[in-house]
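**Student:** So I've got this file, final-v9.txt, and it contains compact mmCIF, N, CA and C atoms and all ligand atoms:
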# COMPACT_ATOMS: atom_id res chain seq x y z
N MET K 885 130.29 -123.64 173.96
CA MET K 885 130.74 -124.96 174.40
C MET K 885 132.18 -124.90 174.88
N ARG K 886 133.04 -124.21 174.10
CA ARG K 886 134.43 -124.05 174.49
C ARG K 886 134.53 -123.36 175.84
N ALA K 887 133.69 -122.31 176.00
CA ALA K 887 133.70 -121.55 177.26
C ALA K 887 133.20 -122.42 178.41
N ASP K 888 132.17 -123.23 178.14
CA ASP K 888 131.64 -124.13 179.17
C ASP K 888 132.73 -125.07 179.67
N MET K 889 133.48 -125.64 178.72
CA MET K 889 134.52 -126.59 179.09
C MET K 889 135.68 -125.89 179.79
N ALA K 890 136.01 -124.68 179.34
CA ALA K 890 137.10 -123.93 179.96
C ALA K 890 136.78 -123.66 181.43
N ALA K 891 135.50 -123.43 181.71
CA ALA K 891 135.06 -123.18 183.09
C ALA K 891 135.30 -124.41 183.96
N LEU K 892 135.37 -125.58 183.32
CA LEU K 892 135.62 -126.83 184.05
C LEU K 892 137.12 -127.11 184.14
N GLY K 893 137.92 -126.24 183.53
CA GLY K 893 139.36 -126.45 183.56
C GLY K 893 139.88 -127.25 182.39
N ILE K 894 139.03 -127.41 181.37
CA ILE K 894 139.40 -128.19 180.20
C ILE K 894 139.56 -127.25 179.02
N THR K 895 140.78 -127.10 178.53
CA THR K 895 141.00 -126.27 177.36
C THR K 895 141.80 -127.07 176.34
N LEU K 896 141.26 -127.17 175.14
CA LEU K 896 142.00 -127.85 174.08
C LEU K 896 143.14 -126.95 173.64
N THR K 897 144.35 -127.50 173.53
CA THR K 897 145.51 -126.69 173.17
C THR K 897 145.43 -126.24 171.72
N ARG K 898 144.78 -127.05 170.90
CA ARG K 898 144.54 -126.65 169.51
C ARG K 898 143.08 -126.87 169.19
N ARG K 899 142.53 -125.99 168.37
CA ARG K 899 141.12 -126.10 168.02
C ARG K 899 140.85 -127.38 167.25
N VAL K 900 139.68 -127.94 167.47
CA VAL K 900 139.30 -129.19 166.81
C VAL K 900 138.00 -128.96 166.05
N ARG K 901 138.00 -129.36 164.79
CA ARG K 901 136.80 -129.20 163.98
C ARG K 901 135.75 -130.22 164.37
N VAL K 902 134.52 -129.74 164.53
CA VAL K 902 133.39 -130.63 164.85
C VAL K 902 132.51 -130.74 163.61
N THR K 903 132.24 -131.96 163.19
CA THR K 903 131.43 -132.20 161.99
C THR K 903 130.17 -132.97 162.36
N LEU K 904 129.03 -132.49 161.90
CA LEU K 904 127.78 -133.24 162.08
C LEU K 904 127.69 -134.26 160.97
N VAL K 905 127.44 -135.52 161.35
CA VAL K 905 127.41 -136.59 160.36
C VAL K 905 126.09 -137.35 160.46
N ASP K 906 125.78 -138.10 159.38
CA ASP K 906 124.53 -138.87 159.34
C ASP K 906 124.65 -140.21 160.06
N THR K 907 125.83 -140.81 159.93
CA THR K 907 126.07 -142.10 160.59
C THR K 907 127.49 -142.10 161.15
N ILE K 908 127.67 -142.88 162.20
CA ILE K 908 129.00 -143.02 162.78
C ILE K 908 129.39 -144.49 162.76
N GLU K 909 130.53 -144.74 162.10
CA GLU K 909 131.02 -146.11 162.01
C GLU K 909 131.80 -146.39 163.28
N HIS K 910 131.42 -147.45 163.98
CA HIS K 910 132.14 -147.79 165.20
C HIS K 910 132.12 -149.28 165.39
N GLY K 911 133.25 -149.83 165.77
CA GLY K 911 133.41 -151.27 165.88
C GLY K 911 132.51 -151.92 166.91
N ALA K 912 132.36 -151.27 168.04
CA ALA K 912 131.70 -151.91 169.18
C ALA K 912 130.24 -152.27 168.92
N GLY K 913 129.63 -151.60 167.95
CA GLY K 913 128.24 -151.90 167.64
C GLY K 913 127.28 -151.26 168.63
N SER K 914 127.82 -150.49 169.59
CA SER K 914 126.96 -149.79 170.54
C SER K 914 126.39 -148.55 169.85
N ALA K 915 125.41 -147.94 170.49
CA ALA K 915 124.78 -146.76 169.92
C ALA K 915 125.71 -145.55 170.09
N THR K 916 126.70 -145.47 169.23
CA THR K 916 127.67 -144.39 169.33
C THR K 916 127.14 -143.12 168.67
N LEU K 917 127.19 -142.03 169.39
CA LEU K 917 126.66 -140.77 168.88
C LEU K 917 127.76 -139.79 168.51
N GLY K 918 128.98 -140.10 168.97
CA GLY K 918 130.11 -139.23 168.66
C GLY K 918 131.38 -140.03 168.51
N LEU K 919 132.36 -139.44 167.79
CA LEU K 919 133.63 -140.14 167.59
C LEU K 919 134.73 -139.10 167.39
N THR K 920 135.83 -139.31 168.10
CA THR K 920 136.99 -138.43 167.94
C THR K 920 138.04 -139.15 167.11
N HIS K 921 138.48 -138.49 166.04
CA HIS K 921 139.50 -139.08 165.18
C HIS K 921 140.86 -138.53 165.61
N HIS K 922 141.79 -139.42 165.83
CA HIS K 922 143.14 -138.98 166.15
C HIS K 922 144.15 -139.98 165.61
N ILE K 923 145.40 -139.52 165.54
CA ILE K 923 146.46 -140.39 165.05
C ILE K 923 147.07 -141.10 166.24
N GLU K 924 147.07 -142.43 166.16
CA GLU K 924 147.56 -143.29 167.26
C GLU K 924 148.96 -142.87 167.71
N ASN K 925 149.17 -142.82 169.02
CA ASN K 925 150.49 -142.52 169.60
C ASN K 925 151.01 -141.13 169.27
N THR K 926 150.12 -140.20 168.95
CA THR K 926 150.50 -138.80 168.77
C THR K 926 149.51 -137.95 169.56
N THR K 927 149.76 -136.64 169.58
CA THR K 927 148.80 -135.74 170.23
C THR K 927 147.95 -135.04 169.17
N ASP K 928 147.91 -135.61 167.97
CA ASP K 928 147.16 -135.00 166.86
C ASP K 928 145.71 -135.46 166.85
N VAL K 929 144.80 -134.50 167.03
CA VAL K 929 143.37 -134.77 166.91
C VAL K 929 142.92 -134.28 165.54
N LEU K 930 142.35 -135.17 164.76
CA LEU K 930 141.97 -134.81 163.39
C LEU K 930 140.59 -134.15 163.36
N GLY K 931 139.73 -134.52 164.29
CA GLY K 931 138.40 -133.92 164.30
C GLY K 931 137.43 -134.74 165.13
N ILE K 932 136.28 -134.15 165.38
CA ILE K 932 135.22 -134.82 166.13
C ILE K 932 133.98 -134.90 165.25
N ASP K 933 133.40 -136.10 165.17
CA ASP K 933 132.11 -136.28 164.49
C ASP K 933 131.03 -136.41 165.55
N VAL K 934 129.93 -135.72 165.34
CA VAL K 934 128.76 -135.90 166.20
C VAL K 934 127.56 -136.17 165.29
N LEU K 935 126.76 -137.14 165.68
CA LEU K 935 125.58 -137.49 164.89
C LEU K 935 124.65 -136.28 164.83
N GLY K 936 124.14 -135.99 163.65
CA GLY K 936 123.23 -134.87 163.48
C GLY K 936 121.85 -135.19 164.04
N GLY K 937 121.05 -134.16 164.25
CA GLY K 937 119.65 -134.35 164.62
C GLY K 937 119.40 -134.53 166.11
N LEU K 938 120.44 -134.38 166.94
CA LEU K 938 120.25 -134.51 168.38
C LEU K 938 119.66 -133.21 168.94
N THR K 939 118.99 -133.31 170.11
CA THR K 939 118.55 -132.09 170.79
C THR K 939 119.80 -131.37 171.32
N GLY K 940 119.66 -130.13 171.68
CA GLY K 940 120.78 -129.35 172.19
C GLY K 940 121.46 -130.01 173.38
N THR K 941 120.66 -130.54 174.28
CA THR K 941 121.22 -131.17 175.48
C THR K 941 121.96 -132.46 175.13
N HIS K 942 121.37 -133.28 174.27
CA HIS K 942 122.04 -134.52 173.86
C HIS K 942 123.32 -134.19 173.09
N PHE K 943 123.24 -133.19 172.21
CA PHE K 943 124.41 -132.78 171.44
C PHE K 943 125.53 -132.34 172.37
N GLY K 944 125.20 -131.51 173.36
CA GLY K 944 126.21 -131.01 174.30
C GLY K 944 126.82 -132.13 175.11
N ARG K 945 125.99 -133.09 175.50
CA ARG K 945 126.47 -134.23 176.27
C ARG K 945 127.48 -135.03 175.46
N VAL K 946 127.14 -135.29 174.19
CA VAL K 946 128.03 -136.07 173.31
C VAL K 946 129.31 -135.28 173.03
N LEU K 947 129.16 -133.98 172.72
CA LEU K 947 130.34 -133.18 172.39
C LEU K 947 131.28 -133.05 173.59
N ALA K 948 130.73 -132.85 174.77
CA ALA K 948 131.57 -132.75 175.97
C ALA K 948 132.36 -134.04 176.17
N HIS K 949 131.72 -135.18 175.94
CA HIS K 949 132.40 -136.48 176.05
C HIS K 949 133.54 -136.57 175.03
N GLU K 950 133.25 -136.16 173.79
CA GLU K 950 134.27 -136.25 172.74
C GLU K 950 135.39 -135.25 172.97
N ILE K 951 135.07 -134.07 173.51
CA ILE K 951 136.11 -133.10 173.86
C ILE K 951 137.04 -133.71 174.92
N GLY K 952 136.47 -134.55 175.78
CA GLY K 952 137.29 -135.28 176.74
C GLY K 952 138.33 -136.14 176.04
N HIS K 953 137.89 -136.90 175.01
CA HIS K 953 138.84 -137.72 174.24
C HIS K 953 139.90 -136.83 173.59
N ALA K 954 139.45 -135.74 172.96
CA ALA K 954 140.39 -134.84 172.27
C ALA K 954 141.39 -134.25 173.26
N TRP K 955 140.90 -133.89 174.43
CA TRP K 955 141.76 -133.30 175.46
C TRP K 955 142.82 -134.30 175.91
N LEU K 956 142.40 -135.55 176.19
CA LEU K 956 143.35 -136.58 176.63
C LEU K 956 144.43 -136.82 175.57
N VAL K 957 144.01 -136.82 174.29
CA VAL K 957 144.96 -137.02 173.20
C VAL K 957 145.94 -135.85 173.13
N GLN K 958 145.41 -134.62 173.16
CA GLN K 958 146.26 -133.44 173.04
C GLN K 958 147.23 -133.33 174.22
N GLN K 959 146.79 -133.78 175.39
CA GLN K 959 147.66 -133.74 176.57
C GLN K 959 148.70 -134.86 176.55
N GLY K 960 148.51 -135.83 175.65
CA GLY K 960 149.41 -136.98 175.62
C GLY K 960 149.26 -137.82 176.86
N ALA K 961 148.06 -137.81 177.45
CA ALA K 961 147.82 -138.57 178.68
C ALA K 961 148.00 -140.07 178.41
N PRO K 962 148.88 -140.74 179.14
CA PRO K 962 149.18 -142.17 178.88
C PRO K 962 148.15 -143.11 179.50
N VAL K 963 146.87 -142.82 179.29
CA VAL K 963 145.80 -143.65 179.86
C VAL K 963 145.54 -144.80 178.91
N ARG K 964 145.87 -146.04 179.36
CA ARG K 964 145.72 -147.21 178.49
C ARG K 964 144.42 -147.96 178.79
N ASP K 965 143.91 -147.80 180.01
CA ASP K 965 142.72 -148.53 180.43
C ASP K 965 141.47 -147.85 179.86
N LEU K 966 140.78 -148.58 178.98
CA LEU K 966 139.60 -148.02 178.31
C LEU K 966 138.54 -147.58 179.32
N VAL K 967 138.45 -148.30 180.43
CA VAL K 967 137.48 -147.94 181.48
C VAL K 967 137.79 -146.53 182.02
N LEU K 968 139.07 -146.24 182.19
CA LEU K 968 139.47 -144.91 182.67
C LEU K 968 139.28 -143.85 181.61
N VAL K 969 139.58 -144.19 180.37
CA VAL K 969 139.41 -143.24 179.26
C VAL K 969 137.94 -142.83 179.15
N GLU K 970 137.06 -143.83 179.03
CA GLU K 970 135.64 -143.52 178.87
C GLU K 970 135.05 -142.90 180.14
N GLY K 971 135.53 -143.36 181.29
CA GLY K 971 135.06 -142.79 182.55
C GLY K 971 135.39 -141.32 182.67
N THR K 972 136.58 -140.95 182.23
CA THR K 972 136.99 -139.54 182.27
C THR K 972 136.13 -138.71 181.31
N CYS K 973 135.87 -139.26 180.13
CA CYS K 973 135.06 -138.53 179.15
C CYS K 973 133.61 -138.41 179.64
N GLU K 974 133.11 -139.44 180.31
CA GLU K 974 131.77 -139.36 180.89
C GLU K 974 131.72 -138.30 181.99
N LEU K 975 132.82 -138.18 182.74
CA LEU K 975 132.89 -137.16 183.78
C LEU K 975 132.75 -135.76 183.17
N PHE K 976 133.43 -135.55 182.04
CA PHE K 976 133.34 -134.26 181.34
C PHE K 976 131.90 -133.99 180.92
N ALA K 977 131.27 -135.04 180.37
CA ALA K 977 129.89 -134.90 179.92
C ALA K 977 128.96 -134.58 181.10
N ALA K 978 129.18 -135.28 182.22
CA ALA K 978 128.35 -135.05 183.40
C ALA K 978 128.55 -133.64 183.94
N ALA K 979 129.79 -133.16 183.91
CA ALA K 979 130.08 -131.81 184.39
C ALA K 979 129.38 -130.77 183.52
N TRP K 980 129.36 -131.04 182.22
CA TRP K 980 128.66 -130.10 181.32
C TRP K 980 127.16 -130.13 181.59
N LEU K 981 126.61 -131.34 181.74
CA LEU K 981 125.17 -131.48 182.01
C LEU K 981 124.78 -130.80 183.31
N LYS K 982 125.65 -130.89 184.31
CA LYS K 982 125.35 -130.31 185.61
C LYS K 982 125.14 -128.81 185.51
N LYS K 983 125.86 -128.18 184.57
CA LYS K 983 125.73 -126.73 184.40
C LYS K 983 124.45 -126.33 183.68
N GLN K 984 123.77 -127.28 183.04
CA GLN K 984 122.59 -126.95 182.24
C GLN K 984 121.35 -126.73 183.10
N ARG K 985 121.28 -127.42 184.22
CA ARG K 985 120.18 -127.21 185.18
C ARG K 985 118.79 -127.35 184.56
N THR K 986 118.61 -128.37 183.74
CA THR K 986 117.28 -128.65 183.18
C THR K 986 116.88 -130.07 183.58
N PRO K 987 115.59 -130.37 183.58
CA PRO K 987 115.16 -131.74 183.91
C PRO K 987 115.80 -132.79 183.01
N LEU K 988 115.92 -132.50 181.72
CA LEU K 988 116.52 -133.46 180.79
C LEU K 988 117.98 -133.68 181.15
N ALA K 989 118.71 -132.59 181.42
CA ALA K 989 120.13 -132.71 181.76
C ALA K 989 120.30 -133.53 183.04
N THR K 990 119.43 -133.30 184.00
CA THR K 990 119.49 -134.05 185.26
C THR K 990 119.20 -135.53 185.02
N ALA K 991 118.19 -135.80 184.17
CA ALA K 991 117.84 -137.19 183.86
C ALA K 991 119.00 -137.90 183.15
N LEU K 992 119.67 -137.20 182.25
CA LEU K 992 120.80 -137.80 181.53
C LEU K 992 121.96 -138.10 182.48
N ARG K 993 122.14 -137.20 183.45
CA ARG K 993 123.22 -137.39 184.43
C ARG K 993 122.92 -138.59 185.35
N THR K 994 121.65 -138.71 185.72
CA THR K 994 121.24 -139.85 186.54
C THR K 994 121.44 -141.16 185.78
N ALA K 995 121.12 -141.12 184.48
CA ALA K 995 121.29 -142.31 183.65
C ALA K 995 122.76 -142.71 183.56
N MET K 996 123.65 -141.71 183.50
CA MET K 996 125.08 -142.00 183.44
C MET K 996 125.55 -142.64 184.75
N ALA K 997 125.03 -142.11 185.86
CA ALA K 997 125.47 -142.57 187.18
C ALA K 997 125.02 -144.00 187.45
N THR K 998 123.92 -144.41 186.80
CA THR K 998 123.38 -145.76 187.05
C THR K 998 123.59 -146.67 185.84
N ASN K 999 124.35 -146.19 184.88
CA ASN K 999 124.64 -146.97 183.67
C ASN K 999 125.37 -148.26 184.05
N GLN K 1000 124.81 -149.40 183.62
CA GLN K 1000 125.41 -150.69 183.98
C GLN K 1000 126.49 -151.12 182.99
N HIS K 1001 126.76 -150.30 181.99
CA HIS K 1001 127.80 -150.65 181.01
C HIS K 1001 129.14 -150.80 181.73
N PRO K 1002 129.86 -151.92 181.50
CA PRO K 1002 131.10 -152.20 182.23
C PRO K 1002 132.21 -151.18 181.93
N THR K 1003 132.13 -150.52 180.80
CA THR K 1003 133.17 -149.52 180.49
C THR K 1003 132.68 -148.13 180.88
N TYR K 1004 131.55 -147.70 180.33
CA TYR K 1004 131.07 -146.33 180.53
C TYR K 1004 130.57 -146.08 181.96
N GLY K 1005 129.67 -146.96 182.43
CA GLY K 1005 129.10 -146.76 183.76
C GLY K 1005 130.12 -146.98 184.86
N THR K 1006 130.81 -148.10 184.77
CA THR K 1006 131.83 -148.42 185.78
C THR K 1006 132.93 -147.36 185.77
N GLY K 1007 133.36 -146.98 184.57
CA GLY K 1007 134.42 -145.98 184.44
C GLY K 1007 134.02 -144.64 185.03
N TYR K 1008 132.79 -144.22 184.74
CA TYR K 1008 132.32 -142.94 185.26
C TYR K 1008 132.31 -142.94 186.79
N ARG K 1009 131.77 -144.00 187.38
CA ARG K 1009 131.70 -144.07 188.85
C ARG K 1009 133.10 -144.12 189.46
N LEU K 1010 134.03 -144.79 188.79
CA LEU K 1010 135.41 -144.88 189.27
C LEU K 1010 136.07 -143.49 189.28
N VAL K 1011 135.96 -142.78 188.16
CA VAL K 1011 136.60 -141.47 188.04
C VAL K 1011 135.90 -140.46 188.95
N ARG K 1012 134.56 -140.53 189.01
CA ARG K 1012 133.81 -139.62 189.86
C ARG K 1012 134.20 -139.80 191.33
N GLY K 1013 134.42 -141.05 191.73
CA GLY K 1013 134.83 -141.34 193.09
C GLY K 1013 136.19 -140.73 193.40
N ALA K 1014 137.11 -140.83 192.42
CA ALA K 1014 138.45 -140.26 192.61
C ALA K 1014 138.38 -138.74 192.72
N VAL K 1015 137.49 -138.14 191.91
CA VAL K 1015 137.33 -136.68 191.94
C VAL K 1015 136.75 -136.24 193.29
N ALA K 1016 135.80 -137.01 193.81
CA ALA K 1016 135.20 -136.68 195.10
C ALA K 1016 136.26 -136.71 196.20
N GLN K 1017 137.21 -137.60 196.05
CA GLN K 1017 138.25 -137.79 197.07
C GLN K 1017 139.41 -136.81 196.90
N HIS K 1018 139.84 -136.56 195.66
CA HIS K 1018 141.06 -135.78 195.44
C HIS K 1018 140.85 -134.44 194.75
N GLY K 1019 139.66 -134.24 194.16
CA GLY K 1019 139.44 -133.02 193.40
C GLY K 1019 139.77 -133.23 191.93
N ILE K 1020 139.08 -132.47 191.07
CA ILE K 1020 139.21 -132.66 189.62
C ILE K 1020 140.62 -132.39 189.12
N ARG K 1021 141.25 -131.34 189.65
CA ARG K 1021 142.57 -130.97 189.14
C ARG K 1021 143.61 -132.05 189.41
N ALA K 1022 143.59 -132.61 190.62
CA ALA K 1022 144.54 -133.66 190.99
C ALA K 1022 144.32 -134.90 190.14
N VAL K 1023 143.05 -135.24 189.89
CA VAL K 1023 142.74 -136.43 189.11
C VAL K 1023 143.23 -136.27 187.67
N LEU K 1024 142.92 -135.11 187.06
CA LEU K 1024 143.35 -134.89 185.67
C LEU K 1024 144.87 -134.83 185.57
N ALA K 1025 145.52 -134.20 186.56
CA ALA K 1025 146.98 -134.10 186.56
C ALA K 1025 147.61 -135.49 186.63
N GLU K 1026 147.04 -136.36 187.46
CA GLU K 1026 147.58 -137.71 187.61
C GLU K 1026 147.37 -138.54 186.34
N LEU K 1027 146.18 -138.39 185.74
CA LEU K 1027 145.90 -139.10 184.49
C LEU K 1027 146.88 -138.68 183.41
N CYS K 1028 147.18 -137.38 183.35
CA CYS K 1028 148.10 -136.86 182.34
C CYS K 1028 149.53 -137.31 182.60
N ALA K 1029 149.90 -137.43 183.89
CA ALA K 1029 151.28 -137.76 184.24
C ALA K 1029 151.54 -139.27 184.21
N THR K 1030 150.60 -140.05 184.74
CA THR K 1030 150.87 -141.48 184.91
C THR K 1030 149.86 -142.38 184.22
N GLY K 1031 148.71 -141.83 183.83
CA GLY K 1031 147.70 -142.64 183.15
C GLY K 1031 146.79 -143.41 184.08
N VAL K 1032 146.96 -143.22 185.38
CA VAL K 1032 146.08 -143.90 186.33
C VAL K 1032 145.50 -142.89 187.32
N LEU K 1033 144.52 -143.32 188.09
CA LEU K 1033 143.90 -142.43 189.07
C LEU K 1033 144.81 -142.27 190.29
N PRO K 1034 144.74 -141.11 190.95
CA PRO K 1034 145.54 -140.91 192.16
C PRO K 1034 145.08 -141.82 193.29
ZN ZN K 1101 134.16 -142.22 174.44
Render the structure in this file as structure tokens.
**Tutor:**
Amino acid sequence: MRADMAALGITLTRRVRVTLVDTIEHGAGSATLGLTHHIENTTDVLGIDVLGGLTGTHFGRVLAHEIGHAWLVQQGAPVRDLVLVEGTCELFAAAWLKKQRTPLATALRTAMATNQHPTYGTGYRLVRGAVAQHGIRAVLAELCATGVLP
């Protein structure tokens, strides 16, 4: 997984422990499958929880998304807009799925692209559009420097 993400240009500066858990407590009440714990206003990532019992593809999709959160925190990226935060993490998940080349991975990627959720779906399409226009490196560099899309 680390190698997969590194191939996308995403490297965590410090290793993050991943824990499989039975339940994930989350305020939004949405079907949350993963959660990244970090200390507010620092670059400290305490760990990533992923719900146990997922298939390999679902697990990878969730972990790639959470690695996105951990990466943004470790980089100290000043992204305040939740739509951009979740959109960036969805982009990471989609990039990981794209490398899997299985029908399930393709179906999950299609579901992300057509997701009507105002944060996840809208955010993903927003960030994906910026990447199509400027390239992944420019988009991530801008998010890290200014917190907004180029
Ligand atoms: Zn997220």
**Student:** Give the residues close to ligand ZN 1101 (chain K), within 7 Å, counting only N, CA and C atoms and all ligand atoms; write them as an MDAnalysis selection string.
**Tutor:** chainID K and resid 918 949:950 953 969:970 973:974
**Student:** In Å, rounded to a single decimal, give me how far atom N of Leu975 in chain K is from atom C of Val957 in chain K.
**Tutor:**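 We find that atom C of Val957 in chain K and atom N of Leu975 in chain K lie 16.4 Å from each other.
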**Student:** Go through K:Thr998, K:Ala1016, K:Leu968, K:Thr1003 and flag the residue nearest Leu1033 in chain K, using all atoms listed in the file for the distances.
**Tutor:**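 Using all atoms listed in the file, the shortest distance to Leu1033 in chain K belongs to K:Leu968.
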**Student:** So which residues of range 890-1034 of chain K fall under alpha helix (DSSP H) by DSSP, listed as a ChimeraX atom specification?
**Tutor:** /K:890-891,940-959,966-984,987-997,1004-1018,1020-1030
**Student:** Could you tell me how far atom C of Ala1029 in chain K lies from CA of Gln959 in chain K, in Å and to one decimal?
**Tutor:**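 Calculated distance between atom C of Ala1029 in chain K and CA of Gln959 in chain K is 10.2 Å.
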**Student:** Out of K:Trp955, K:Leu919, K:Gly940, K:Pro987, which residue has the shortest atom-to-atom distance to Ile894 in chain K when counting all atoms listed in the file?
**Tutor:**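 Result for the nearest residue to Ile894 in chain K: K:Trp955.
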**Student:** What does the structure give for the distance between CA of Val900 in chain K and CA of Gly931 in chain K, in Å to one decimal?
**Tutor:**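 According to the coordinates, CA of Val900 in chain K and CA of Gly931 in chain K are separated by 5.4 Å.
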